[in-house]
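S.K.: Structure supplied as work.pdb; contents: PDB, C-alpha atoms and all ligand atoms.
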ATOM      1  CA  MET X  69      -8.546  -6.836 -58.500
ATOM      2  CA  THR X  70      -9.709  -7.595 -54.970
ATOM      3  CA  TYR X  71      -8.253 -10.312 -52.801
ATOM      4  CA  GLN X  72      -9.854 -11.233 -49.498
ATOM      5  CA  GLY X  73      -8.789 -13.475 -46.674
ATOM      6  CA  VAL X  74      -7.536 -13.810 -43.138
ATOM      7  CA  LEU X  75      -4.057 -12.381 -42.523
ATOM      8  CA  THR X  76      -1.286 -14.719 -41.452
ATOM      9  CA  LYS X  77       2.361 -13.798 -41.500
ATOM     10  CA  MET X  78       3.803 -13.525 -44.981
ATOM     11  CA  GLU X  79       5.482 -16.602 -46.398
ATOM     12  CA  THR X  80       8.990 -15.947 -47.615
ATOM     13  CA  GLU X  81      11.595 -17.315 -49.960
ATOM     14  CA  PHE X  82      15.244 -16.745 -49.163
ATOM     15  CA  SER X  83      16.612 -15.184 -52.326
ATOM     16  CA  SER X  84      18.232 -11.876 -53.216
ATOM     17  CA  PRO X  85      16.094  -9.964 -52.609
ATOM     18  CA  ILE X  86      13.797 -11.970 -50.343
ATOM     19  CA  GLU X  87      10.439 -12.860 -51.907
ATOM     20  CA  TYR X  88       7.249 -12.298 -49.907
ATOM     21  CA  TYR X  89       3.855 -13.948 -50.357
ATOM     22  CA  LEU X  90       0.546 -13.211 -48.713
ATOM     23  CA  VAL X  91      -1.299 -16.506 -48.601
ATOM     24  CA  PHE X  92      -5.092 -16.596 -48.445
ATOM     25  CA  GLU X  93      -7.295 -19.669 -48.484
ATOM     26  CA  SER X  94      -7.906 -19.645 -52.203
ATOM     27  CA  ASP X  95      -5.369 -17.079 -53.440
ATOM     28  CA  PHE X  96      -1.877 -15.889 -52.929
ATOM     29  CA  LEU X  97      -0.174 -12.626 -53.715
ATOM     30  CA  ASN X  98       3.497 -12.157 -54.502
ATOM     31  CA  MET X  99       4.014  -8.908 -52.613
ATOM     32  CA  ASN X 100       7.284  -8.039 -54.398
ATOM     33  CA  GLN X 101       5.258  -7.549 -57.572
ATOM     34  CA  LEU X 102       3.224  -4.847 -55.835
ATOM     35  CA  LEU X 103       6.269  -2.640 -55.153
ATOM     36  CA  GLY X 104       5.718   0.803 -56.666
ATOM     37  CA  LYS X 105       1.968   0.194 -56.896
ATOM     38  CA  THR X 106      -0.934   1.726 -54.997
ATOM     39  CA  VAL X 107      -2.631  -0.731 -52.676
ATOM     40  CA  THR X 108      -5.750  -0.459 -50.492
ATOM     41  CA  ILE X 109      -6.120  -2.593 -47.364
ATOM     42  CA  GLN X 110      -9.534  -2.751 -45.747
ATOM     43  CA  PHE X 111     -10.547  -4.335 -42.454
ATOM     44  CA  ILE X 112     -13.526  -6.670 -42.800
ATOM     45  CA  LYS X 113     -13.798  -8.643 -39.549
ATOM     46  CA  TYR X 114     -11.912 -10.872 -37.153
ATOM     47  CA  GLN X 115     -11.300 -14.576 -37.660
ATOM     48  CA  CYS X 116      -9.441 -16.309 -34.825
ATOM     49  CA  LEU X 117      -6.739 -18.553 -36.308
ATOM     50  CA  ASN X 118      -7.846 -21.381 -34.014
ATOM     51  CA  CYS X 119     -11.643 -21.311 -33.592
ATOM     52  CA  GLY X 120     -12.407 -19.198 -36.664
ATOM     53  CA  MET X 121     -14.906 -17.040 -34.784
ATOM     54  CA  ASP X 122     -15.388 -13.315 -35.348
ATOM     55  CA  LYS X 123     -14.059 -12.339 -31.922
ATOM     56  CA  PRO X 124     -11.440  -9.635 -31.213
ATOM     57  CA  ILE X 125      -7.917 -10.927 -31.619
ATOM     58  CA  TYR X 126      -6.036 -11.004 -28.323
ATOM     59  CA  ARG X 127      -2.499 -12.118 -29.257
ATOM     60  CA  GLN X 128      -0.697 -14.141 -31.945
ATOM     61  CA  GLY X 129      -3.810 -14.265 -34.117
ATOM     62  CA  PHE X 130      -5.949 -15.944 -31.462
ATOM     63  CA  CYS X 131      -9.027 -14.752 -29.582
ATOM     64  CA  LYS X 132      -8.654 -14.450 -25.822
ATOM     65  CA  SER X 133     -10.206 -17.793 -24.883
ATOM     66  CA  CYS X 134      -8.137 -19.705 -27.440
ATOM     67  CA  PHE X 135      -4.964 -17.874 -26.413
ATOM     68  CA  PHE X 136      -5.297 -19.105 -22.839
ATOM     69  CA  GLU X 137      -6.220 -22.673 -23.822
ATOM     70  CA  ILE X 138      -4.426 -23.993 -26.864
ATOM     71  CA  PRO X 139      -0.908 -25.474 -26.796
ATOM     72  CA  GLN X 140       0.238 -23.238 -29.701
ATOM     73  CA  ALA X 141      -0.032 -20.182 -27.417
ATOM     74  CA  ALA X 142       1.529 -21.516 -24.205
ATOM     75  CA  ASP X 143       4.180 -19.563 -22.289
ATOM     76  CA  TRP X 144       7.059 -21.748 -23.503
ATOM     77  CA  ILE X 145       6.490 -20.458 -27.045
ATOM     78  CA  MET X 146       7.707 -16.990 -26.081
ATOM     79  CA  ARG X 147       9.896 -18.228 -23.217
ATOM     80  CA  PRO X 148      11.636 -21.408 -24.438
ATOM     81  CA  GLU X 149      13.358 -21.915 -21.070
ATOM     82  CA  LEU X 150       9.952 -22.928 -19.637
ATOM     83  CA  SER X 151       9.831 -25.995 -21.930
ATOM     84  CA  THR X 152       9.265 -29.283 -20.075
ATOM     85  CA  ALA X 153       8.579 -31.937 -22.735
ATOM     86  CA  HIS X 154      12.150 -33.284 -22.295
ATOM     87  CA  LEU X 155      11.108 -34.178 -18.709
ATOM     88  CA  ASP X 156       7.928 -35.832 -20.013
ATOM     89  CA  LYS X 157       6.016 -33.121 -18.181
ATOM     90  CA  GLU X 158       2.837 -31.692 -19.694
ATOM     91  CA  ASP X 159       1.975 -28.015 -19.838
ATOM     92  CA  ARG X 160      -1.173 -27.935 -22.012
ATOM     93  CA  ASP X 161      -0.820 -30.904 -24.383
ATOM     94  CA  LEU X 162       2.175 -33.200 -23.986
ATOM     95  CA  GLU X 163       1.909 -34.777 -27.421
ATOM     96  CA  TYR X 164       2.019 -31.395 -29.133
ATOM     97  CA  GLU X 165       4.783 -30.184 -26.816
ATOM     98  CA  LYS X 166       6.944 -33.211 -27.564
ATOM     99  CA  LYS X 167       6.495 -32.749 -31.272
ATOM    100  CA  VAL X 168       7.551 -29.081 -31.202
ATOM    101  CA  GLN X 169      10.059 -28.994 -28.343
ATOM    102  CA  LEU X 170      11.952 -32.255 -28.919
ATOM    103  CA  GLN X 171      13.571 -31.314 -32.199
ATOM    104  CA  PRO X 172      16.780 -29.475 -33.098
ATOM    105  CA  HIS X 173      16.771 -25.840 -32.032
ATOM    106  CA  ILE X 174      19.148 -23.046 -32.899
ATOM    107  CA  VAL X 175      20.395 -20.218 -30.713
ATOM    108  CA  TYR X 176      21.423 -17.414 -33.008
ATOM    109  CA  LEU X 177      22.686 -13.862 -33.086
ATOM    110  CA  ALA X 178      20.831 -11.527 -35.434
ATOM    111  CA  ASN X 179      21.389  -7.886 -36.236
ATOM    112  CA  SER X 180      18.169  -6.075 -37.043
ATOM    113  CA  SER X 181      18.491  -2.797 -35.132
ATOM    114  CA  ASN X 182      21.191  -4.021 -32.759
ATOM    115  CA  ILE X 183      22.651  -7.431 -32.033
ATOM    116  CA  LYS X 184      20.239  -9.726 -30.274
ATOM    117  CA  VAL X 185      20.171 -13.332 -29.239
ATOM    118  CA  GLY X 186      17.217 -15.524 -30.178
ATOM    119  CA  VAL X 187      15.929 -19.089 -30.359
ATOM    120  CA  THR X 188      14.214 -20.884 -33.196
ATOM    121  CA  ARG X 189      13.521 -24.384 -34.402
ATOM    122  CA  LYS X 190      16.224 -25.408 -36.864
ATOM    123  CA  SER X 191      13.582 -25.806 -39.567
ATOM    124  CA  GLN X 192      12.783 -22.087 -39.182
ATOM    125  CA  VAL X 193      16.242 -20.883 -40.241
ATOM    126  CA  PRO X 194      16.430 -18.440 -42.059
ATOM    127  CA  THR X 195      12.659 -17.716 -41.957
ATOM    128  CA  ARG X 196      12.889 -16.430 -38.398
ATOM    129  CA  TRP X 197      15.638 -13.967 -39.347
ATOM    130  CA  ILE X 198      13.660 -12.719 -42.327
ATOM    131  CA  ASP X 199      10.587 -12.205 -40.101
ATOM    132  CA  GLN X 200      12.664 -10.102 -37.709
ATOM    133  CA  GLY X 201      14.121  -7.945 -40.461
ATOM    134  CA  ALA X 202      17.688  -8.911 -39.609
ATOM    135  CA  HIS X 203      20.207  -7.936 -42.285
ATOM    136  CA  GLU X 204      22.759 -10.381 -40.895
ATOM    137  CA  ALA X 205      22.631 -13.395 -38.581
ATOM    138  CA  ILE X 206      24.616 -16.405 -37.455
ATOM    139  CA  GLU X 207      23.793 -19.701 -35.725
ATOM    140  CA  ILE X 208      25.891 -20.132 -32.603
ATOM    141  CA  VAL X 209      24.473 -23.209 -30.831
ATOM    142  CA  GLU X 210      22.490 -26.193 -32.117
ATOM    143  CA  VAL X 211      20.806 -28.244 -29.388
ATOM    144  CA  PRO X 212      18.438 -31.253 -29.480
ATOM    145  CA  ASN X 213      15.520 -29.584 -27.678
ATOM    146  CA  ARG X 214      13.853 -26.263 -26.940
ATOM    147  CA  TYR X 215      14.695 -26.215 -23.237
ATOM    148  CA  LEU X 216      18.469 -26.224 -23.828
ATOM    149  CA  ALA X 217      18.097 -23.434 -26.373
ATOM    150  CA  GLY X 218      16.009 -21.461 -23.888
ATOM    151  CA  ILE X 219      18.460 -21.629 -21.020
ATOM    152  CA  THR X 220      21.284 -20.689 -23.389
ATOM    153  CA  GLU X 221      19.350 -17.641 -24.545
ATOM    154  CA  VAL X 222      18.627 -16.606 -20.968
ATOM    155  CA  ALA X 223      22.313 -16.872 -20.044
ATOM    156  CA  LEU X 224      23.434 -14.854 -23.072
ATOM    157  CA  LYS X 225      20.833 -12.120 -22.523
ATOM    158  CA  ASP X 226      22.999 -10.796 -19.720
ATOM    159  CA  HIS X 227      25.663  -9.969 -22.295
ATOM    160  CA  VAL X 228      23.761  -9.052 -25.464
ATOM    161  CA  GLY X 229      20.283  -7.654 -26.222
ATOM    162  CA  ASP X 230      17.198  -9.734 -26.938
ATOM    163  CA  LYS X 231      14.860  -7.112 -28.434
ATOM    164  CA  THR X 232      14.515  -5.487 -31.823
ATOM    165  CA  ASN X 233      13.766  -1.777 -32.078
ATOM    166  CA  TRP X 234      11.289  -1.850 -34.978
ATOM    167  CA  ARG X 235      11.696   1.826 -35.828
ATOM    168  CA  THR X 236      15.463   1.519 -36.165
ATOM    169  CA  MET X 237      15.041  -1.717 -38.132
ATOM    170  CA  LEU X 238      12.622  -0.060 -40.585
ATOM    171  CA  LYS X 239      14.659   3.136 -40.981
ATOM    172  CA  ASN X 240      17.580   0.840 -41.777
ATOM    173  CA  ASP X 241      19.582   2.858 -39.316
ATOM    174  CA  VAL X 242      21.852  -0.110 -38.760
ATOM    175  CA  VAL X 243      25.504  -0.828 -38.179
ATOM    176  CA  ASP X 244      27.239  -3.860 -39.624
ATOM    177  CA  GLU X 245      28.740  -5.995 -36.910
ATOM    178  CA  ASP X 246      31.209  -8.845 -36.977
ATOM    179  CA  LEU X 247      28.967 -11.646 -35.740
ATOM    180  CA  VAL X 248      31.776 -14.211 -35.737
ATOM    181  CA  GLN X 249      33.627 -12.034 -33.279
ATOM    182  CA  TRP X 250      30.464 -11.667 -31.163
ATOM    183  CA  ARG X 251      29.963 -15.433 -31.176
ATOM    184  CA  ASP X 252      33.464 -16.034 -29.882
ATOM    185  CA  LYS X 253      33.081 -13.312 -27.276
ATOM    186  CA  LEU X 254      29.857 -14.874 -25.966
ATOM    187  CA  LYS X 255      31.139 -18.470 -25.930
ATOM    188  CA  PRO X 256      32.281 -18.433 -22.270
ATOM    189  CA  TYR X 257      28.743 -17.512 -21.122
ATOM    190  CA  ILE X 258      27.033 -20.542 -22.697
ATOM    191  CA  PRO X 259      25.707 -22.743 -19.865
ATOM    192  CA  ASP X 260      27.567 -26.015 -19.204
ATOM    193  CA  GLU X 261      24.638 -28.206 -20.394
ATOM    194  CA  ALA X 262      24.860 -26.593 -23.856
ATOM    195  CA  LYS X 263      28.600 -26.042 -24.243
ATOM    196  CA  ASP X 264      29.121 -29.182 -26.349
ATOM    197  CA  TYR X 265      26.648 -27.855 -28.910
ATOM    198  CA  PHE X 266      28.539 -24.650 -29.694
ATOM    199  CA  ILE X 267      28.993 -24.131 -33.443
ATOM    200  CA  GLU X 268      32.617 -23.226 -33.993
ATOM    201  CA  THR X 269      33.021 -22.797 -37.685
ATOM    202  CA  ASN X 270      30.159 -21.177 -39.560
ATOM    203  CA  THR X 271      29.902 -17.665 -40.970
ATOM    204  CA  GLU X 272      27.334 -14.870 -41.207
ATOM    205  CA  THR X 273      24.267 -15.048 -43.403
ATOM    206  CA  ASN X 274      23.363 -11.769 -45.083
ATOM    207  CA  LEU X 275      19.789 -10.888 -45.967
ATOM    208  CA  ASP X 276      18.647  -8.544 -48.697
ATOM    209  CA  PHE X 277      15.146  -7.056 -48.326
ATOM    210  CA  PRO X 278      13.076  -5.676 -51.202
ATOM    211  CA  VAL X 279      12.985  -2.014 -50.185
ATOM    212  CA  GLU X 280      13.040   0.881 -52.649
ATOM    213  CA  LYS X 281      12.765   3.586 -49.998
ATOM    214  CA  TYR X 282      13.133   3.295 -46.233
ATOM    215  CA  PRO X 283      10.784   5.421 -44.097
ATOM    216  CA  ALA X 284      12.381   8.403 -42.323
ATOM    217  CA  THR X 285       9.798   8.398 -39.514
ATOM    218  CA  PRO X 286       7.811   5.140 -39.591
ATOM    219  CA  LYS X 287       4.200   5.458 -38.464
ATOM    220  CA  SER X 288       2.438   2.241 -37.593
ATOM    221  CA  LEU X 289      -0.948   1.635 -39.231
ATOM    222  CA  ASN X 290      -3.737   0.626 -36.837
ATOM    223  CA  LEU X 291      -6.079  -0.968 -39.368
ATOM    224  CA  ILE X 292      -8.908  -1.585 -36.909
ATOM    225  CA  LYS X 293      -8.999   2.095 -36.002
ATOM    226  CA  ALA X 294      -8.472   3.332 -39.553
ATOM    227  CA  GLN X 295     -10.735   0.631 -41.140
ATOM    228  CA  ALA X 296      -8.981   1.209 -44.479
ATOM    229  CA  TYR X 297      -5.721   2.566 -45.827
ATOM    230  CA  THR X 298      -4.469   3.367 -49.318
ATOM    231  CA  GLY X 299      -0.837   3.977 -50.189
ATOM    232  CA  LYS X 300       2.017   3.219 -52.542
ATOM    233  CA  LEU X 301       4.061   0.205 -51.462
ATOM    234  CA  THR X 302       7.779   1.063 -51.427
ATOM    235  CA  GLY X 303       9.255  -1.856 -49.534
ATOM    236  CA  ILE X 304       8.951  -4.950 -47.362
ATOM    237  CA  LYS X 305      11.211  -5.697 -44.421
ATOM    238  CA  GLY X 306      10.695  -8.207 -41.639
ATOM    239  CA  GLN X 307       6.944  -8.681 -41.613
ATOM    240  CA  TYR X 308       6.302  -4.993 -42.377
ATOM    241  CA  LEU X 309       4.833  -3.454 -45.497
ATOM    242  CA  ILE X 310       6.384  -0.005 -46.015
ATOM    243  CA  PHE X 311       4.476   2.731 -47.837
ATOM    244  CA  GLU X 312       5.610   5.941 -49.522
ATOM    245  CA  ASP X 313       4.092   8.233 -46.850
ATOM    246  CA  ASP X 314       6.120   6.436 -44.100
ATOM    247  CA  THR X 315       3.110   4.375 -42.984
ATOM    248  CA  VAL X 316       4.155   0.842 -42.056
ATOM    249  CA  PHE X 317       1.891  -2.174 -41.555
ATOM    250  CA  ASN X 318       3.021  -5.111 -39.448
ATOM    251  CA  VAL X 319       1.369  -8.111 -41.085
ATOM    252  CA  ARG X 320       2.347 -10.489 -38.306
ATOM    253  CA  ALA X 321       0.853  -8.274 -35.587
ATOM    254  CA  ASN X 322      -2.410  -8.296 -37.528
ATOM    255  CA  GLU X 323      -2.810 -12.056 -37.905
ATOM    256  CA  GLY X 324      -6.433 -13.078 -37.516
ATOM    257  CA  LEU X 325      -7.845  -9.997 -39.268
ATOM    258  CA  VAL X 326      -9.876 -10.616 -42.373
ATOM    259  CA  VAL X 327      -8.931  -7.984 -44.912
ATOM    260  CA  ALA X 328      -9.668  -7.045 -48.484
ATOM    261  CA  ILE X 329      -6.692  -6.003 -50.563
ATOM    262  CA  MET X 330      -7.503  -3.944 -53.620
ATOM    263  CA  LEU X 331      -5.067  -3.280 -56.422
TER     264      LEU X 331
HETATM  265 ZN    ZN E 401     -10.555 -18.498 -30.899
END
Render the structure in this file as structure tokens.
Ligand SMILES: [Zn+2]
M.R.:
Amino acid sequence: MTYQGVLTKMETEFSSPIEYYLVFESDFLNMNQLLGKTVTIQFIKYQCLNCGMDKPIYRQGFCKSCFFEIPQAADWIMRPELSTAHLDKEDRDLEYEKKVQLQPHIVYLANSSNIKVGVTRKSQVPTRWIDQGAHEAIEIVEVPNRYLAGITEVALKDHVGDKTNWRTMLKNDVVDEDLVQWRDKLKPYIPDEAKDYFIETNTETNLDFPVEKYPATPKSLNLIKAQAYTGKLTGIKGQYLIFEDDTVFNVRANEGLVVAIML
């Protein structure tokens, strides 16, 4: 069987273990069913997720000109503290910015390779944690807009990490932490504007990834350079496919690539 389409991050279903789907225009693949099987991935061409043209992907699945133009790739996406829709102030497209920024956002702690603080729209919980490969996470603040979440994250970054080490995450070289204790420890550092939105009473969420064998020394597959790769799928964690020979493929980092998948 051959499936072909443009890569976008895998869709997920929060169950035990987590279910992963690769969704193409006219097909979808339940990736969990491919565990233990040999899979070939072949690069065909680029297809920008915005304009659809066969131009090299710059970032986030977009070609360079789209990345610097469209509202879905503005700076406030990666840096929520730069959000301005709550002030009625436009960055690239005020209507779009209001729709995305003026909705409930969550500041959370997640443990993927270490404890980190992050921000997501409330509707993206627990998807965001799954995408990061966190094995445990907790919501600590729920605010009405993206700006408040952003400034909370910035304030907490002085006291806890904000990056995931993908190698550690994939090796599953992780320590269980008491996130409730971390939440309470960080509470005093939440900025005044967000203090009323602190979530006092909830508990950790644990996530169970479908991995049969973790890689000892993960090697990242550069599909454009390699053009094609064949290997036995042994696990999925975060947005990574893990293969028996320790090759790992970050689906999210390859959004906008048209690939053929052969089973
Ligand atoms: Zn484009």
S.K.: Which distance in Å separates atom CA of X:Gln295 and atom CA of X:Ile109, to one decimal?
M.R.: 8.4 Å
S.K.: The PyMOL selection byres (((chain X and resi 316) around 8) and not hetatm) on the file shown: which residues, as JSON, numbers by chain?
M.R.: {"X": [286, 287, 288, 289, 308, 309, 310, 311, 314, 315, 317, 318]}
S.K.: Calculated over only C-alpha atoms and all ligand atoms, which of the candidates X:Ile174, X:Thr271, X:Gly324, X:Asp241 has the smallest distance to ligand ZN 401 (chain E)?
M.R.: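 Checking each candidate against ligand ZN 401 (chain E), we get X:Gly324 as the closest.
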S.K.: Please write as a list in words the full residue list that the PyMOL selection byres (((not hetatm)) within 10 of (chain E and resi 401)) yields on this file.
M.R.: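 So the PyMOL selection byres (((not hetatm)) within 10 of (chain E and resi 401)), applied here, picks out Tyr114, Gln115, Cys116, Leu117, Asn118, Cys119, Gly120, Met121, Asp122, Lys123, Pro124, Ile125, Tyr126, Gly129, Phe130, Cys131, Lys132, Ser133, Cys134, Phe135, Phe136, Glu137, Ile138 and Gly324 of chain X.
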S.K.: As a check of understanding, name the residues that the PyMOL selection byres (((chain X and resi 102-105) around 7) and not hetatm) selects in the supplied structure, as a PyMOL selection string.
M.R.: chain X and resi 99-101+106-107+300-303
S.K.: Those residues you just picked out, can you put them in a file as a short mmCIF file (atom, residue, chain, number, x, y, z; two decimals), in the coordinates of the input with C-alpha atoms?
M.R.:
data_model
loop_
_atom_site.label_atom_id
_atom_site.label_comp_id
_atom_site.auth_asym_id
_atom_site.auth_seq_id
_atom_site.Cartn_x
_atom_site.Cartn_y
_atom_site.Cartn_z
CA MET X 99 4.01 -8.91 -52.61
CA ASN X 100 7.28 -8.04 -54.40
CA GLN X 101 5.26 -7.55 -57.57
CA THR X 106 -0.93 1.73 -55.00
CA VAL X 107 -2.63 -0.73 -52.68
CA LYS X 300 2.02 3.22 -52.54
CA LEU X 301 4.06 0.20 -51.46
CA THR X 302 7.78 1.06 -51.43
CA GLY X 303 9.26 -1.86 -49.53
#
S.K.: Using all atoms listed in the file, give me every residue within 12 Å of (12.4, -2.1, -38.7) in file coordinates, as a PyMOL selection string.
M.R.: chain X and resi 179-182+198-203+231-242+277+279+282-288+303-310+314+316-318
S.K.: What's the separation between atom CA of X:Val327 and atom CA of X:Glu87, in Å to one decimal place?
M.R.: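 Between atom CA of X:Val327 and atom CA of X:Glu87 the gap is 21.2 Å.
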S.K.: With only C-alpha atoms as the basis for distance, which of X:Val211, X:Val228, X:Ala321, X:Ile206 is at the shortest distance from X:Arg189?
M.R.: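 Once distances to X:Arg189 are computed over only C-alpha atoms, the minimum belongs to X:Val211.
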S.K.: In Å, with one decimal, what is the gap from atom CA of X:Leu90 to atom CA of X:Ala328?
M.R.: 11.9 Å
S.K.: Using only C-alpha atoms, which of the listed residues (X:Ile183, X:Val175, X:Ile112, X:Leu216) sits closest to X:Leu155?
M.R.: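 Among the listed residues, the smallest separation from X:Leu155 belongs to X:Leu216.
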S.K.: Quick one: everything within 9 Å of stretch 257-261 of chain X, counting only C-alpha atoms, minus sequence neighbours fewer than 5 positions away in the same chain. Send it as number ranges by chain.
M.R.: X: 209, 216, 219-221, 223-224, 226-227, 266
S.K.: Give the answer as one residue: which of X:Leu75, X:Ser83, X:Phe111, X:Gly299 has the shortest atom-to-atom distance to X:Leu97, using only C-alpha atoms?
M.R.: X:Leu75
S.K.: Go through X:Leu275, X:Gln171, X:Val74, X:Gln128 one by one, measure the shortest atom-to-atom distance of each to X:Lys113 using only C-alpha atoms, and give the residue with the smallest value.
M.R.: X:Val74
